[in-house]
file my_file04.txt (compact mmCIF, C-alpha atoms)
# COMPACT_ATOMS: atom_id res chain seq x y z
CA MET A 1 -20.06 302.48 271.79
CA THR A 2 -20.29 298.85 270.76
CA ARG A 3 -18.65 297.85 274.03
CA ALA A 4 -21.56 299.44 275.91
CA ALA A 5 -23.98 297.11 274.18
CA ASN A 6 -21.85 293.97 274.24
CA LYS A 7 -20.01 293.59 277.53
CA SER A 8 -22.07 291.86 280.18
CA ASN A 9 -20.19 293.57 283.03
CA ASP A 10 -21.02 297.06 281.73
CA GLY A 11 -24.05 298.44 283.55
CA PRO A 12 -26.49 301.13 282.41
CA GLY A 13 -24.43 303.82 284.11
CA ARG A 14 -21.35 302.88 282.10
CA THR A 15 -23.31 302.86 278.86
CA ALA A 16 -24.84 306.25 279.68
CA ALA A 17 -21.38 307.63 280.44
CA GLU A 18 -20.09 306.44 277.07
CA ILE A 19 -23.06 308.07 275.33
CA ARG A 20 -22.35 311.34 277.14
CA SER A 21 -18.74 311.16 276.00
CA MET A 22 -19.83 310.60 272.41
CA LEU A 23 -22.32 313.48 272.55
CA ARG A 24 -19.63 315.78 273.90
CA SER A 25 -16.92 314.78 271.41
CA LYS A 26 -19.08 314.80 268.27
CA GLY A 27 -21.10 317.94 268.89
CA SER A 28 -20.64 321.34 267.27
CA THR A 29 -19.43 324.21 269.42
CA ALA A 30 -20.62 326.72 266.84
CA HIS A 31 -24.10 325.23 266.69
CA ALA A 32 -24.23 325.00 270.50
CA LYS A 33 -23.94 328.78 270.68
CA GLY A 34 -26.83 329.16 268.24
CA VAL A 35 -29.07 326.79 270.19
CA GLN A 36 -29.32 329.24 273.06
CA TRP A 37 -31.19 331.68 270.80
CA PHE A 38 -34.32 329.49 271.02
CA PHE A 39 -34.53 329.56 274.81
CA LYS A 40 -35.12 332.18 277.49
CA GLU A 41 -33.47 330.07 280.18
CA GLU A 42 -29.80 329.13 280.01
CA ILE A 43 -29.34 325.86 278.11
CA LYS A 44 -26.35 323.53 278.15
CA SER A 45 -25.92 322.08 274.66
CA HIS A 46 -23.31 320.06 272.80
CA GLY A 47 -24.57 321.47 269.50
CA TRP A 48 -26.20 318.49 267.81
CA TYR A 49 -28.73 318.76 265.01
CA THR A 50 -31.92 316.84 265.72
CA GLY A 51 -31.71 314.54 262.70
CA ASN A 52 -28.17 313.44 263.52
CA LEU A 53 -29.07 312.93 267.18
CA ARG A 54 -32.05 310.74 266.30
CA LYS A 55 -29.98 308.68 263.85
CA ALA A 56 -27.28 308.04 266.45
CA ALA A 57 -29.86 307.08 269.08
CA ARG A 58 -31.62 304.61 266.79
CA GLN A 59 -28.36 302.96 265.79
CA LEU A 60 -27.38 302.47 269.40
CA ARG A 61 -30.89 301.32 270.33
CA ARG A 62 -30.65 298.43 267.89
CA ALA A 63 -27.35 297.31 269.41
CA ILE A 64 -28.57 297.55 272.99
CA LEU A 65 -31.84 295.74 272.31
CA LYS A 66 -30.01 292.95 270.53
CA GLU A 67 -27.42 292.40 273.24
CA ARG A 68 -29.03 293.60 276.47
CA GLY A 69 -32.79 293.91 276.01
CA LEU A 70 -35.50 296.46 276.66
CA ALA A 71 -35.12 296.65 280.44
CA PHE A 72 -31.47 297.65 280.05
CA LEU A 73 -32.39 300.23 277.41
CA LEU A 74 -34.89 301.83 279.78
CA LYS A 75 -32.26 302.06 282.51
CA VAL A 76 -29.82 303.74 280.16
CA ALA A 77 -32.49 306.24 279.11
CA ASP A 78 -33.30 306.93 282.76
CA LYS A 79 -29.65 307.73 283.44
CA LEU A 80 -29.45 310.02 280.43
CA PHE A 81 -32.59 312.00 281.24
CA ALA A 82 -30.94 312.94 284.52
CA GLY A 83 -28.17 314.67 282.58
CA ARG A 84 -27.37 318.38 282.45
CA PHE A 85 -27.19 318.77 278.68
CA LEU A 86 -30.13 319.11 276.31
CA GLU A 87 -28.87 316.38 273.99
CA GLU A 88 -28.65 313.85 276.82
CA LYS A 89 -32.33 314.20 277.63
CA VAL A 90 -33.47 314.23 274.00
CA PHE A 91 -31.22 311.25 273.23
CA ALA A 92 -32.97 309.38 276.06
CA VAL A 93 -36.33 310.01 274.41
CA PHE A 94 -35.03 309.04 270.97
CA LEU A 95 -33.84 305.72 272.41
CA LEU A 96 -37.46 304.93 273.34
CA GLU A 97 -39.68 306.76 270.84
CA ASP A 98 -42.03 304.62 268.73
CA MET A 99 -41.78 301.85 271.34
CA THR A 100 -44.52 302.90 273.74
CA VAL A 101 -46.79 299.99 272.75
CA GLU A 102 -44.32 297.78 274.65
CA PHE A 103 -44.58 299.82 277.84
CA GLY A 104 -47.05 299.60 280.71
CA GLU A 105 -47.87 301.38 283.94
CA PRO A 106 -44.36 301.12 285.48
CA GLU A 107 -42.88 302.84 282.44
CA PHE A 108 -45.60 305.49 282.43
CA ARG A 109 -44.82 306.29 286.06
CA LEU A 110 -41.13 306.42 285.21
CA PHE A 111 -41.69 308.92 282.40
CA GLU A 112 -43.95 310.96 284.67
CA SER A 113 -41.11 311.15 287.21
CA TRP A 114 -38.86 312.61 284.53
CA LEU A 115 -41.02 315.76 284.48
CA THR A 116 -39.16 316.95 287.59
CA ARG A 117 -35.90 316.81 285.60
CA VAL A 118 -37.09 318.94 282.67
CA SER A 119 -35.00 322.05 282.03
CA SER A 120 -36.53 323.50 278.83
CA TRP A 121 -39.49 323.30 276.48
CA ALA A 122 -37.40 321.17 274.10
CA ASP A 123 -36.70 318.23 276.42
CA HIS A 124 -40.18 318.67 277.91
CA ASP A 125 -41.97 318.39 274.57
CA ALA A 126 -39.83 315.46 273.46
CA LEU A 127 -40.69 313.58 276.65
CA VAL A 128 -44.38 314.42 276.79
CA HIS A 129 -45.32 314.43 273.11
CA ASP A 130 -43.25 311.39 272.08
CA LEU A 131 -43.50 309.14 275.15
CA ILE A 132 -46.26 310.22 277.53
CA SER A 133 -48.89 311.37 275.03
CA PRO A 134 -49.05 308.11 273.03
CA MET A 135 -49.36 306.18 276.29
CA VAL A 136 -52.30 308.38 277.31
CA VAL A 137 -53.96 307.54 273.99
CA SER A 138 -53.38 303.81 274.43
CA GLU A 139 -54.81 303.80 277.96
CA ARG A 140 -57.51 306.45 278.29
CA ARG A 141 -57.71 306.35 282.08
CA ARG A 142 -54.25 307.89 282.20
CA ALA A 143 -55.75 311.16 280.98
CA ALA A 144 -56.93 311.74 284.54
CA ARG A 145 -53.31 312.42 285.49
CA VAL A 146 -53.34 315.72 283.61
CA PHE A 147 -55.58 317.33 286.22
CA ARG A 148 -53.07 316.56 288.94
CA TRP A 149 -50.32 318.08 286.80
CA ALA A 150 -52.47 321.12 286.03
CA ASN A 151 -52.59 321.94 289.74
CA SER A 152 -48.83 321.64 290.20
CA GLU A 153 -46.64 324.60 291.10
CA ASN A 154 -44.15 323.31 288.52
CA ARG A 155 -44.60 325.01 285.13
CA TRP A 156 -43.48 321.91 283.25
CA HIS A 157 -46.11 319.74 284.91
CA ARG A 158 -48.77 322.26 283.91
CA ARG A 159 -47.47 322.40 280.34
CA ALA A 160 -47.39 318.58 280.32
CA ALA A 161 -51.08 318.52 281.19
CA CYS A 162 -51.73 320.18 277.82
CA VAL A 163 -49.17 318.44 275.63
CA ALA A 164 -50.12 314.98 276.93
CA LEU A 165 -53.54 315.30 275.28
CA ILE A 166 -52.38 316.46 271.85
CA ARG A 167 -52.09 313.05 270.19
CA GLY A 168 -55.49 312.16 271.57
CA THR A 169 -57.24 315.27 270.30
CA ARG A 170 -55.87 314.51 266.83
CA GLN A 171 -57.94 311.33 267.07
CA LYS A 172 -60.96 313.27 268.35
CA MET A 173 -60.50 311.99 271.88
CA PHE A 174 -60.61 313.81 275.22
CA ALA A 175 -63.09 316.57 274.33
CA LEU A 176 -64.44 316.76 277.89
CA GLU A 177 -60.99 316.52 279.43
CA ILE A 178 -59.71 319.34 277.21
CA ARG A 179 -62.52 321.68 278.22
CA ARG A 180 -62.04 320.92 281.89
CA LEU A 181 -58.29 321.42 281.57
CA THR A 182 -58.78 324.70 279.73
CA GLU A 183 -60.94 326.01 282.57
CA LEU A 184 -58.24 325.04 285.07
CA LEU A 185 -55.51 326.89 283.17
CA LEU A 186 -57.37 329.95 281.92
CA ALA A 187 -55.75 332.22 284.48
CA ASP A 188 -52.25 330.75 284.24
CA GLU A 189 -49.79 333.57 283.56
CA ASP A 190 -46.79 331.42 282.64
CA ASP A 191 -46.01 331.78 278.94
CA MET A 192 -44.79 328.16 278.66
CA VAL A 193 -48.14 326.95 279.99
CA GLN A 194 -50.07 329.36 277.77
CA LYS A 195 -48.18 328.15 274.71
CA GLY A 196 -48.89 324.54 275.67
CA LEU A 197 -52.60 325.24 276.09
CA GLY A 198 -52.68 327.18 272.83
CA TRP A 199 -51.00 324.28 271.06
CA LEU A 200 -53.57 321.84 272.43
CA LEU A 201 -56.51 324.02 271.42
CA ARG A 202 -55.00 324.64 267.97
CA GLU A 203 -54.77 320.89 267.36
CA THR A 204 -58.32 320.46 268.66
CA ALA A 205 -59.54 323.18 266.29
CA LYS A 206 -57.74 321.52 263.40
CA HIS A 207 -59.58 318.24 263.89
CA ASP A 208 -62.91 319.54 265.24
CA PRO A 209 -63.16 323.15 263.98
CA GLU A 210 -66.87 323.83 264.45
CA ARG A 211 -67.19 322.81 268.08
CA THR A 212 -63.81 324.26 268.99
CA ALA A 213 -64.64 327.62 267.39
CA ALA A 214 -67.93 327.71 269.28
CA TYR A 215 -66.13 326.95 272.54
CA LEU A 216 -63.49 329.62 271.90
CA MET A 217 -66.26 332.14 271.25
CA LYS A 218 -67.75 331.28 274.61
CA ILE A 219 -64.55 331.75 276.61
CA ARG A 220 -62.78 334.32 274.40
CA THR A 221 -62.91 337.14 276.97
CA ARG A 222 -61.24 334.98 279.60
CA LEU A 223 -58.51 333.46 277.44
CA PRO A 224 -55.05 335.07 277.47
CA ARG A 225 -54.38 336.63 274.08
CA LEU A 226 -51.42 334.32 273.46
CA VAL A 227 -53.62 331.26 273.97
CA LEU A 228 -56.44 332.59 271.80
CA ARG A 229 -54.12 333.66 269.01
CA THR A 230 -52.42 330.25 268.92
CA ALA A 231 -55.68 328.33 269.20
CA CYS A 232 -57.17 330.16 266.20
CA GLU A 233 -54.27 329.59 263.81
CA THR A 234 -55.89 326.70 261.95
CA LEU A 235 -59.42 328.09 261.85
CA PRO A 236 -60.81 329.62 258.63
CA THR A 237 -59.83 333.26 258.18
CA ARG A 238 -63.35 334.57 258.80
CA ARG A 239 -63.59 332.72 262.11
CA ARG A 240 -60.22 334.09 263.20
CA GLN A 241 -61.22 337.63 262.35
CA ILE A 242 -64.47 337.39 264.31
CA LEU A 243 -62.74 336.03 267.39
CA ALA A 244 -60.02 338.68 267.17
CA LYS A 245 -62.58 341.49 267.04
CA LEU A 246 -64.66 340.16 269.91
CA SER A 247 -61.82 339.25 272.27
call {"tool": "encode", "arguments": {"input": "my_file04.txt", "output": "structure tokens"}}
result
Amino acid sequence: MTRAANKSNDGPGRTAAEIRSMLRSKGSTAHAKGVQWFFKEEIKSHGWYTGNLRKAARQLRRAILKERGLAFLLKVADKLFAGRFLEEKVFAVFLLEDMTVEFGEPEFRLFESWLTRVSSWADHDALVHDLISPMVVSERRRAARVFRWANSENRWHRRAACVALIRGTRQKMFALEIRRLTELLLADEDDMVQKGLGWLLRETAKHDPERTAAYLMKIRTRLPRLVLRTACETLPTRRRQILAKLS
């Protein structure tokens, strides 16, 4: 792995290939079988635990940044997120997480393009929550992109529309955008989208309970039960009971 960071004639593709080899050789076959339990769709996994995967990614990130720089790191991550295994995509995100303050519009567009490569809620949520969402917070005008995603035929784009606003709602941002997005996705029958919308509304309720509860009361008869149940999880018990009875 050190050769990937140190040799000037090794390109991003070579480094990504060496990372894939490491992920394959150091994974756990037994754990890989257990990973599938968390997913409805078939998942290809090398059987890494998240903590170990993050630690390996951060160690390699330091080496690459020191020897090759940020642009090279981004290219390696781009190669990895095109991979077939769950760990490759999550490793790509771990290489870049907590660095979004250094990125601009080209990087945001790059991460947006990765949405077409998503294969599960796990790599989706890593990408959107850890890379895209903080960039939406740092540049508010990017929130407008969620409405384009909400109208996509791709389930992961529609889920991204919700998850991209979560970090913002924790800072009491995007109230109008969240209501508009909710109206767009009220009739969505995809459970991955419903869970994403429920997650967003739950976080909104956690940080602005009064207004969120009032809004949920207003739309309760139109919300899918999965969305309403998830959205109410952080509300006071009495509020939850009232909404449950009236829905």
call {"tool": "atom_distance", "arguments": {"input": "my_file04.txt", "atom1": "atom CA of A:Met99", "atom2": "atom CA of A:Leu197"}}
result
26.2 Å
call {"tool": "residues_around", "arguments": {"input": "my_file04.txt", "residues": "A:Arg211", "least_positions_apart": "4", "cutoff": "12 Å", "atoms": "all atoms listed in the file", "output": "PyMOL selection string"}}
result
chain A and resi 172+175-176+179+201+204-207+215-218+235
call {"tool": "residues_around", "arguments": {"input": "my_file04.txt", "residues": "A:Leu186", "least_positions_apart": "3", "cutoff": "7 Å", "atoms": "all atoms listed in the file", "output": "JSON, numbers by chain"}}
result
{"A": [182, 183, 222, 223]}
call {"tool": "residues_around", "arguments": {"input": "my_file04.txt", "residues": "A:Trp149", "least_positions_apart": "5", "cutoff": "12 Å", "atoms": "all atoms listed in the file", "output": "JSON, numbers by chain"}}
result
{"A": [112, 113, 115, 116, 142, 143, 144, 154, 155, 156, 157, 158, 159, 160, 161, 162, 163, 164, 181, 184, 185, 193]}
call {"tool": "atom_distance", "arguments": {"input": "my_file04.txt", "atom1": "atom CA of A:Asn151", "atom2": "atom CA of A:Asp190"}}
result
13.2 Å
call {"tool": "residues_around", "arguments": {"input": "my_file04.txt", "residues": "A:Phe103", "least_positions_apart": "6", "cutoff": "10 Å", "atoms": "all atoms listed in the file", "output": "count of residues only"}}
result
4
call {"tool": "residues_around", "arguments": {"input": "my_file04.txt", "residues": "A:Glu139", "least_positions_apart": "5", "cutoff": "10 Å", "atoms": "only C-alpha atoms", "output": "VMD selection string"}}
result
chain A and resid 104 to 105 134
call {"tool": "write_last_selection", "arguments": {"input": "my_file04.txt", "atoms": "C-alpha atoms", "output": "PDB file, keeping the file's coordinate frame"}}
result
ATOM      1  CA  GLY A 104     -47.050 299.600 280.710  1.00  0.00           C
ATOM      2  CA  GLU A 105     -47.870 301.380 283.940  1.00  0.00           C
ATOM      3  CA  PRO A 134     -49.050 308.110 273.030  1.00  0.00           C
TER       4      PRO A 134
END
call {"tool": "closest_residue", "arguments": {"input": "my_file04.txt", "among": "A:Ile19, A:Leu73, A:Leu86, A:Ile242", "to": "A:Trp48", "atoms": "all atoms listed in the file"}}
result
A:Leu86
call {"tool": "atom_distance", "arguments": {"input": "my_file04.txt", "atom1": "atom CA of A:Leu74", "atom2": "atom CA of A:Glu97"}}
result
11.3 Å
call {"tool": "closest_residue", "arguments": {"input": "my_file04.txt", "among": "A:Gln241, A:Gln194, A:Ser138, A:Ser28", "to": "A:Gln171", "atoms": "only C-alpha atoms"}}
result
A:Ser138
call {"tool": "closest_residue", "arguments": {"input": "my_file04.txt", "among": "A:Trp121, A:Phe147, A:Phe91, A:Phe111", "to": "A:Leu60", "atoms": "all atoms listed in the file"}}
result
A:Phe91
